[in-house]
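Novice: Contents of input.cif (mmCIF, C-alpha atoms):
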```cif
data_structure
loop_
_atom_site.label_atom_id
_atom_site.label_comp_id
_atom_site.auth_asym_id
_atom_site.auth_seq_id
_atom_site.Cartn_x
_atom_site.Cartn_y
_atom_site.Cartn_z
CA MET A 1 13.67 1.84 15.51
CA ALA A 2 12.10 4.24 13.02
CA ASP A 3 8.80 6.07 13.53
CA LEU A 4 7.24 4.31 10.55
CA ARG A 5 7.86 1.34 8.28
CA ILE A 6 6.73 1.34 4.66
CA ILE A 7 6.45 -2.04 2.99
CA THR A 8 6.14 -1.91 -0.77
CA THR A 9 4.74 -4.84 -2.71
CA GLY A 10 4.43 -3.34 -6.18
CA GLY A 11 1.08 -2.61 -7.73
CA THR A 12 0.25 0.24 -10.07
CA PHE A 13 1.86 2.66 -7.60
CA ASP A 14 5.38 1.53 -8.55
CA LYS A 15 4.97 0.70 -12.25
CA LEU A 16 7.05 2.40 -14.94
CA TYR A 17 6.32 2.69 -18.64
CA ASP A 18 8.63 0.48 -20.70
CA ALA A 19 8.89 2.15 -24.12
CA ILE A 20 10.43 -0.97 -25.69
CA LYS A 21 7.63 -3.32 -24.60
CA GLY A 22 4.93 -0.63 -24.65
CA ASP A 23 3.85 -1.88 -21.26
CA LEU A 24 3.86 -0.92 -17.59
CA THR A 25 6.52 -2.90 -15.71
CA PHE A 26 8.53 -2.90 -12.50
CA ARG A 27 12.15 -1.81 -12.26
CA GLU A 28 12.99 -0.02 -9.05
CA SER A 29 10.64 1.33 -6.44
CA GLN A 30 9.59 4.95 -6.79
CA LEU A 31 9.28 5.30 -3.01
CA PRO A 32 12.80 6.51 -2.18
CA ARG A 33 12.38 9.42 -4.59
CA ILE A 34 8.87 10.20 -3.36
CA LEU A 35 10.03 10.19 0.25
CA ILE A 36 12.93 12.54 -0.50
CA ASN A 37 10.63 14.94 -2.38
CA SER A 38 7.98 14.82 0.36
CA ARG A 39 10.46 16.06 3.00
CA LEU A 40 8.95 13.64 5.49
CA GLY A 41 9.73 14.92 8.99
CA ILE A 42 9.89 11.51 10.65
CA GLU A 43 12.27 8.58 10.46
CA CYS A 44 10.98 6.00 8.01
CA ARG A 45 12.26 2.54 7.19
CA LEU A 46 11.51 1.27 3.68
CA GLU A 47 11.25 -2.42 2.85
CA GLY A 48 10.43 -3.93 -0.53
CA PRO A 49 9.77 -7.64 -0.41
CA LEU A 50 7.80 -7.75 -3.68
CA ALA A 51 7.36 -5.95 -6.97
CA LYS A 52 4.25 -7.62 -8.27
CA ASP A 53 0.93 -6.73 -9.81
CA SER A 54 -1.61 -7.68 -7.15
CA LEU A 55 -3.65 -9.64 -9.69
CA TYR A 56 -0.76 -12.13 -9.75
CA MET A 57 -0.27 -12.37 -5.98
CA SER A 58 -0.53 -15.82 -4.48
CA ASP A 59 -1.67 -16.88 -1.03
CA GLU A 60 2.03 -17.39 -0.22
CA ASP A 61 2.77 -13.77 -1.26
CA ARG A 62 0.06 -12.57 1.13
CA LYS A 63 1.50 -14.69 3.93
CA ASN A 64 4.93 -13.20 3.23
CA ILE A 65 3.51 -9.70 3.54
CA LEU A 66 1.98 -10.73 6.86
CA ARG A 67 5.38 -12.03 8.00
CA TYR A 68 6.98 -8.68 7.17
CA VAL A 69 4.29 -6.86 9.16
CA GLU A 70 4.63 -9.24 12.11
CA ALA A 71 8.44 -8.93 12.09
CA SER A 72 8.40 -5.12 12.00
CA VAL A 73 9.68 -3.49 15.17
CA GLU A 74 7.84 -0.36 14.14
CA LYS A 75 4.25 -0.18 15.35
CA ARG A 76 3.14 2.16 12.54
CA ILE A 77 3.20 0.53 9.11
CA VAL A 78 2.10 1.55 5.62
CA VAL A 79 1.79 -1.17 2.97
CA ILE A 80 1.93 -0.06 -0.67
CA HIS A 81 -0.16 -2.59 -2.57
CA GLY A 82 -1.96 -3.04 -5.86
CA THR A 83 -5.55 -1.88 -5.62
CA ASP A 84 -7.12 -4.93 -7.27
CA THR A 85 -6.49 -7.31 -4.36
CA MET A 86 -5.56 -4.94 -1.55
CA CYS A 87 -8.65 -5.89 0.45
CA GLU A 88 -7.76 -9.59 0.33
CA THR A 89 -4.23 -9.00 1.63
CA ALA A 90 -5.52 -6.66 4.35
CA LYS A 91 -7.76 -9.49 5.60
CA VAL A 92 -4.77 -11.86 5.79
CA VAL A 93 -2.77 -9.29 7.75
CA ALA A 94 -5.68 -8.56 10.10
CA ALA A 95 -5.92 -12.29 10.91
CA GLY A 96 -2.24 -12.38 11.87
CA ASP A 97 -0.39 -11.63 15.09
CA ILE A 98 -0.20 -7.85 14.77
CA LYS A 99 -1.14 -6.94 18.38
CA ASP A 100 -0.79 -3.21 18.90
CA LYS A 101 0.28 -2.26 15.37
CA THR A 102 -1.45 0.17 13.05
CA VAL A 103 -1.29 -1.08 9.48
CA VAL A 104 -2.56 1.11 6.64
CA PHE A 105 -2.77 -0.20 3.08
CA THR A 106 -2.70 2.20 0.15
CA GLY A 107 -1.97 2.18 -3.56
CA ALA A 108 -2.62 4.14 -6.72
CA MET A 109 -4.98 3.98 -9.65
CA ILE A 110 -2.39 5.71 -11.86
CA PRO A 111 1.36 4.98 -11.53
CA TYR A 112 3.54 7.60 -9.83
CA SER A 113 5.65 7.71 -12.98
CA LEU A 114 2.73 9.00 -15.05
CA GLU A 115 0.99 12.36 -15.10
CA ASN A 116 -2.03 12.91 -12.83
CA SER A 117 -1.08 10.07 -10.49
CA ASP A 118 -2.80 9.74 -7.14
CA ALA A 119 0.24 7.96 -5.65
CA GLU A 120 1.78 10.90 -3.77
CA PHE A 121 -1.51 11.99 -2.24
CA ASN A 122 -2.44 8.46 -1.22
CA LEU A 123 0.98 7.86 0.32
CA GLY A 124 0.87 11.09 2.34
CA PHE A 125 -2.65 10.35 3.46
CA ALA A 126 -1.70 6.79 4.47
CA VAL A 127 1.36 7.98 6.41
CA SER A 128 -0.71 10.52 8.34
CA SER A 129 -3.38 7.91 8.97
CA ALA A 130 -0.85 5.37 10.25
CA LEU A 131 0.51 7.94 12.69
CA LEU A 132 -2.91 9.02 13.98
CA LEU A 133 -5.15 5.94 14.01
CA LYS A 134 -5.46 3.43 16.84
CA SER A 135 -4.08 -0.05 16.26
CA GLY A 136 -5.81 -2.11 13.58
CA VAL A 137 -5.82 -2.65 9.83
CA TYR A 138 -7.12 0.02 7.46
CA ILE A 139 -7.24 0.98 3.81
CA ALA A 140 -6.53 4.61 2.90
CA MET A 141 -7.67 5.52 -0.60
CA ASN A 142 -9.39 8.49 -2.26
CA GLY A 143 -8.99 10.67 0.83
CA ARG A 144 -10.93 8.23 3.00
CA ILE A 145 -10.05 5.70 5.68
CA PHE A 146 -11.82 2.35 5.64
CA ASP A 147 -11.82 -0.55 8.06
CA TYR A 148 -10.21 -3.46 6.22
CA ASP A 149 -13.38 -5.55 6.45
CA ASN A 150 -15.83 -2.90 5.24
CA VAL A 151 -14.41 -1.76 1.91
CA ARG A 152 -14.30 -2.71 -1.74
CA LYS A 153 -12.87 -1.35 -4.94
CA ASN A 154 -15.57 -0.05 -7.25
CA ARG A 155 -13.99 -0.71 -10.65
CA GLU A 156 -16.71 1.19 -12.55
CA LYS A 157 -16.13 4.43 -10.60
CA GLY A 158 -12.40 3.89 -9.99
CA ILE A 159 -12.73 4.48 -6.23
CA PHE A 160 -12.83 2.60 -2.96
CA GLU A 161 -16.09 2.61 -1.05
CA GLU A 162 -17.72 1.19 2.03
CA ILE A 163 -19.62 -2.03 1.69
CA MET A 164 -23.22 -1.16 2.45
#
```
Now that the file is in, can you turn its structure into structure tokens?
Specialist:
Amino acid sequence: MADLRIITTGGTFDKLYDAIKGDLTFRESQLPRILINSRLGIECRLEGPLAKDSLYMSDEDRKNILRYVEASVEKRIVVIHGTDTMCETAKVVAAGDIKDKTVVFTGAMIPYSLENSDAEFNLGFAVSSALLLKSGVYIAMNGRIFDYDNVRKNREKGIFEEIM
């Protein structure tokens, strides 16, 4: 058993620029390279059930993510997810049978493959949060931790914020 499991589902975090199509697409996950470069001092298991923009996620996709979380032997889990529907998936996971697990969702507003990305920071912050927080479901974005049921993405400001 590893210290941490990272489940990647796609989202902006993992998109690459396709010069032929002139579009952002998915090829392979950027996470293995990020983890090598980060010199993470703990054992981490990486799992990639999806490579999908969260705007196109179905209810079945969300249930599959829940199944991966429930099946994880690791109690500390980070889920890389698209920011547009991260809150919806976090609610599905929180309603599942996650018992004493700490699940932290994170993503990126700018892909790792592009300049000025927030992906590395958000991943490091989410990993630290998953290791330190008590069991539950959280969202780690913009240097803040949010309870899964008290957060929203503010599209005008490009940040996550508490629901007032």
Novice: Between A:Cys87, A:Val103, A:Met164, A:Val151, which one has atoms that come closest to Ser128 in chain A, using all atoms listed in the file?
Specialist: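 Going through A:Cys87, A:Val103, A:Met164, A:Val151 one by one, the smallest distance to Ser128 in chain A is for A:Val103.
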Novice: Take CA of Asp97 in chain A and CA of Glu70 in chain A and report the distance between them in Å, one decimal.
Specialist: 6.3 Å
Novice: If you apply the PyMOL selection byres ((chain A and resi 64) around 12) to this file, what residues do you get, as a PyMOL selection string?
Specialist: chain A and resi 7+9+48-50+57-63+65-71+89+92-93+96
Novice: Closest to Leu31 in chain A among A:Phe105, A:Met1, A:Phe146, A:Ala119, using only C-alpha atoms?
Specialist: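 Selected residue with least distance to Leu31 in chain A: A:Ala119.
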Novice: Between A:Val127, A:Met109, A:Val73, A:Met86, which one has atoms that come closest to Ile159 in chain A, using all atoms listed in the file?
Specialist: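 The closest residue to Ile159 in chain A is A:Met109.
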Novice: Looking at A:Arg39, A:Lys157, A:Arg5, A:Arg152, which one is nearest to Ala90 in chain A, with distances taken over only C-alpha atoms?
Specialist: A:Arg152
Novice: Evaluate the PyMOL selection byres ((chain A and resi 75) around 7) here and jot the selected residues down as a PyMOL selection string.
Specialist: chain A and resi 73-74+76-77+100-102
Novice: Contacts of Ile139 in chain A at 7 Å or less, counting all atoms listed in the file, minus same-chain residues fewer than 6 places along, as a ChimeraX atom specification?
Specialist: /A:104-106,145-148
Novice: The PyMOL selection byres ((chain A and resi 42) around 9) - which residues does that actually catch in the file I just gave you? List them as a list in words.
Specialist: Ala2, Asp3, Leu4, Arg39, Leu40, Gly41, Glu43 and Cys44 of chain A
Novice: Could you give me the axis-aligned bounding box of range 54-73 of chain A, with 5 Å of padding per side, as centre plus edge lengths in Å to one decimal, as AutoDock Vina command-line options?
Specialist:
```
--center_x 3.0 --center_y -10.4 --center_z 2.7 --size_x 23.3 --size_y 23.9 --size_z 34.9
```
Novice: Would you mind putting all heavy atoms back on range 85-96 of chain A and writing the result as a PDB file, keeping the file's coordinate frame?
Specialist:
```
ATOM      1  N   THR A  85      -6.326  -6.292  -5.404  1.00  0.00           N
ATOM      2  CA  THR A  85      -6.490  -7.310  -4.360  1.00  0.00           C
ATOM      3  C   THR A  85      -6.029  -6.824  -2.987  1.00  0.00           C
ATOM      4  O   THR A  85      -5.771  -7.627  -2.099  1.00  0.00           O
ATOM      5  CB  THR A  85      -5.759  -8.618  -4.732  1.00  0.00           C
ATOM      6  OG1 THR A  85      -4.353  -8.383  -4.747  1.00  0.00           O
ATOM      7  CG2 THR A  85      -6.230  -9.161  -6.074  1.00  0.00           C
ATOM      8  N   MET A  86      -5.963  -5.529  -2.825  1.00  0.00           N
ATOM      9  CA  MET A  86      -5.560  -4.940  -1.550  1.00  0.00           C
ATOM     10  C   MET A  86      -6.431  -5.421  -0.388  1.00  0.00           C
ATOM     11  O   MET A  86      -5.941  -5.739   0.696  1.00  0.00           O
ATOM     12  CB  MET A  86      -5.638  -3.406  -1.666  1.00  0.00           C
ATOM     13  CG  MET A  86      -5.200  -2.638  -0.458  1.00  0.00           C
ATOM     14  SD  MET A  86      -5.506  -0.861  -0.638  1.00  0.00           S
ATOM     15  CE  MET A  86      -4.508  -0.437  -2.039  1.00  0.00           C
ATOM     16  N   CYS A  87      -7.717  -5.482  -0.617  1.00  0.00           N
ATOM     17  CA  CYS A  87      -8.650  -5.890   0.450  1.00  0.00           C
ATOM     18  C   CYS A  87      -8.384  -7.321   0.910  1.00  0.00           C
ATOM     19  O   CYS A  87      -8.451  -7.610   2.110  1.00  0.00           O
ATOM     20  CB  CYS A  87     -10.092  -5.746  -0.016  1.00  0.00           C
ATOM     21  SG  CYS A  87     -10.548  -4.048  -0.439  1.00  0.00           S
ATOM     22  N   GLU A  88      -8.046  -8.206  -0.019  1.00  0.00           N
ATOM     23  CA  GLU A  88      -7.760  -9.590   0.330  1.00  0.00           C
ATOM     24  C   GLU A  88      -6.512  -9.694   1.213  1.00  0.00           C
ATOM     25  O   GLU A  88      -6.483 -10.424   2.202  1.00  0.00           O
ATOM     26  CB  GLU A  88      -7.584 -10.452  -0.921  1.00  0.00           C
ATOM     27  CG  GLU A  88      -8.877 -10.726  -1.652  1.00  0.00           C
ATOM     28  CD  GLU A  88      -9.252  -9.644  -2.667  1.00  0.00           C
ATOM     29  OE1 GLU A  88      -8.686  -8.532  -2.630  1.00  0.00           O
ATOM     30  OE2 GLU A  88     -10.135  -9.900  -3.482  1.00  0.00           O
ATOM     31  N   THR A  89      -5.465  -8.966   0.847  1.00  0.00           N
ATOM     32  CA  THR A  89      -4.230  -9.000   1.630  1.00  0.00           C
ATOM     33  C   THR A  89      -4.449  -8.364   3.000  1.00  0.00           C
ATOM     34  O   THR A  89      -3.933  -8.859   4.006  1.00  0.00           O
ATOM     35  CB  THR A  89      -3.082  -8.298   0.882  1.00  0.00           C
ATOM     36  OG1 THR A  89      -2.921  -8.929  -0.402  1.00  0.00           O
ATOM     37  CG2 THR A  89      -1.779  -8.391   1.654  1.00  0.00           C
ATOM     38  N   ALA A  90      -5.225  -7.299   3.058  1.00  0.00           N
ATOM     39  CA  ALA A  90      -5.520  -6.660   4.350  1.00  0.00           C
ATOM     40  C   ALA A  90      -6.210  -7.642   5.295  1.00  0.00           C
ATOM     41  O   ALA A  90      -5.916  -7.660   6.498  1.00  0.00           O
ATOM     42  CB  ALA A  90      -6.371  -5.417   4.139  1.00  0.00           C
ATOM     43  N   LYS A  91      -7.087  -8.480   4.767  1.00  0.00           N
ATOM     44  CA  LYS A  91      -7.760  -9.490   5.600  1.00  0.00           C
ATOM     45  C   LYS A  91      -6.766 -10.511   6.147  1.00  0.00           C
ATOM     46  O   LYS A  91      -6.877 -10.923   7.301  1.00  0.00           O
ATOM     47  CB  LYS A  91      -8.862 -10.182   4.799  1.00  0.00           C
ATOM     48  CG  LYS A  91     -10.052  -9.295   4.551  1.00  0.00           C
ATOM     49  CD  LYS A  91     -11.086  -9.957   3.663  1.00  0.00           C
ATOM     50  CE  LYS A  91     -12.180  -8.939   3.333  1.00  0.00           C
ATOM     51  NZ  LYS A  91     -13.107  -9.412   2.319  1.00  0.00           N
ATOM     52  N   VAL A  92      -5.804 -10.920   5.331  1.00  0.00           N
ATOM     53  CA  VAL A  92      -4.770 -11.860   5.790  1.00  0.00           C
ATOM     54  C   VAL A  92      -3.953 -11.226   6.906  1.00  0.00           C
ATOM     55  O   VAL A  92      -3.683 -11.859   7.932  1.00  0.00           O
ATOM     56  CB  VAL A  92      -3.870 -12.299   4.609  1.00  0.00           C
ATOM     57  CG1 VAL A  92      -2.659 -13.086   5.102  1.00  0.00           C
ATOM     58  CG2 VAL A  92      -4.672 -13.127   3.608  1.00  0.00           C
ATOM     59  N   VAL A  93      -3.558  -9.973   6.735  1.00  0.00           N
ATOM     60  CA  VAL A  93      -2.770  -9.290   7.750  1.00  0.00           C
ATOM     61  C   VAL A  93      -3.575  -9.123   9.040  1.00  0.00           C
ATOM     62  O   VAL A  93      -3.068  -9.355  10.140  1.00  0.00           O
ATOM     63  CB  VAL A  93      -2.254  -7.925   7.225  1.00  0.00           C
ATOM     64  CG1 VAL A  93      -1.664  -7.076   8.345  1.00  0.00           C
ATOM     65  CG2 VAL A  93      -1.218  -8.155   6.124  1.00  0.00           C
ATOM     66  N   ALA A  94      -4.841  -8.759   8.910  1.00  0.00           N
ATOM     67  CA  ALA A  94      -5.680  -8.560  10.100  1.00  0.00           C
ATOM     68  C   ALA A  94      -5.845  -9.856  10.897  1.00  0.00           C
ATOM     69  O   ALA A  94      -6.003  -9.813  12.122  1.00  0.00           O
ATOM     70  CB  ALA A  94      -7.048  -8.019   9.695  1.00  0.00           C
ATOM     71  N   ALA A  95      -5.780 -10.995  10.225  1.00  0.00           N
ATOM     72  CA  ALA A  95      -5.920 -12.290  10.910  1.00  0.00           C
ATOM     73  C   ALA A  95      -4.618 -12.741  11.560  1.00  0.00           C
ATOM     74  O   ALA A  95      -4.601 -13.725  12.293  1.00  0.00           O
ATOM     75  CB  ALA A  95      -6.396 -13.348   9.919  1.00  0.00           C
ATOM     76  N   GLY A  96      -3.538 -11.998  11.323  1.00  0.00           N
ATOM     77  CA  GLY A  96      -2.240 -12.380  11.870  1.00  0.00           C
ATOM     78  C   GLY A  96      -2.010 -11.863  13.276  1.00  0.00           C
ATOM     79  O   GLY A  96      -2.897 -11.280  13.906  1.00  0.00           O
TER      80      GLY A  96
END
```
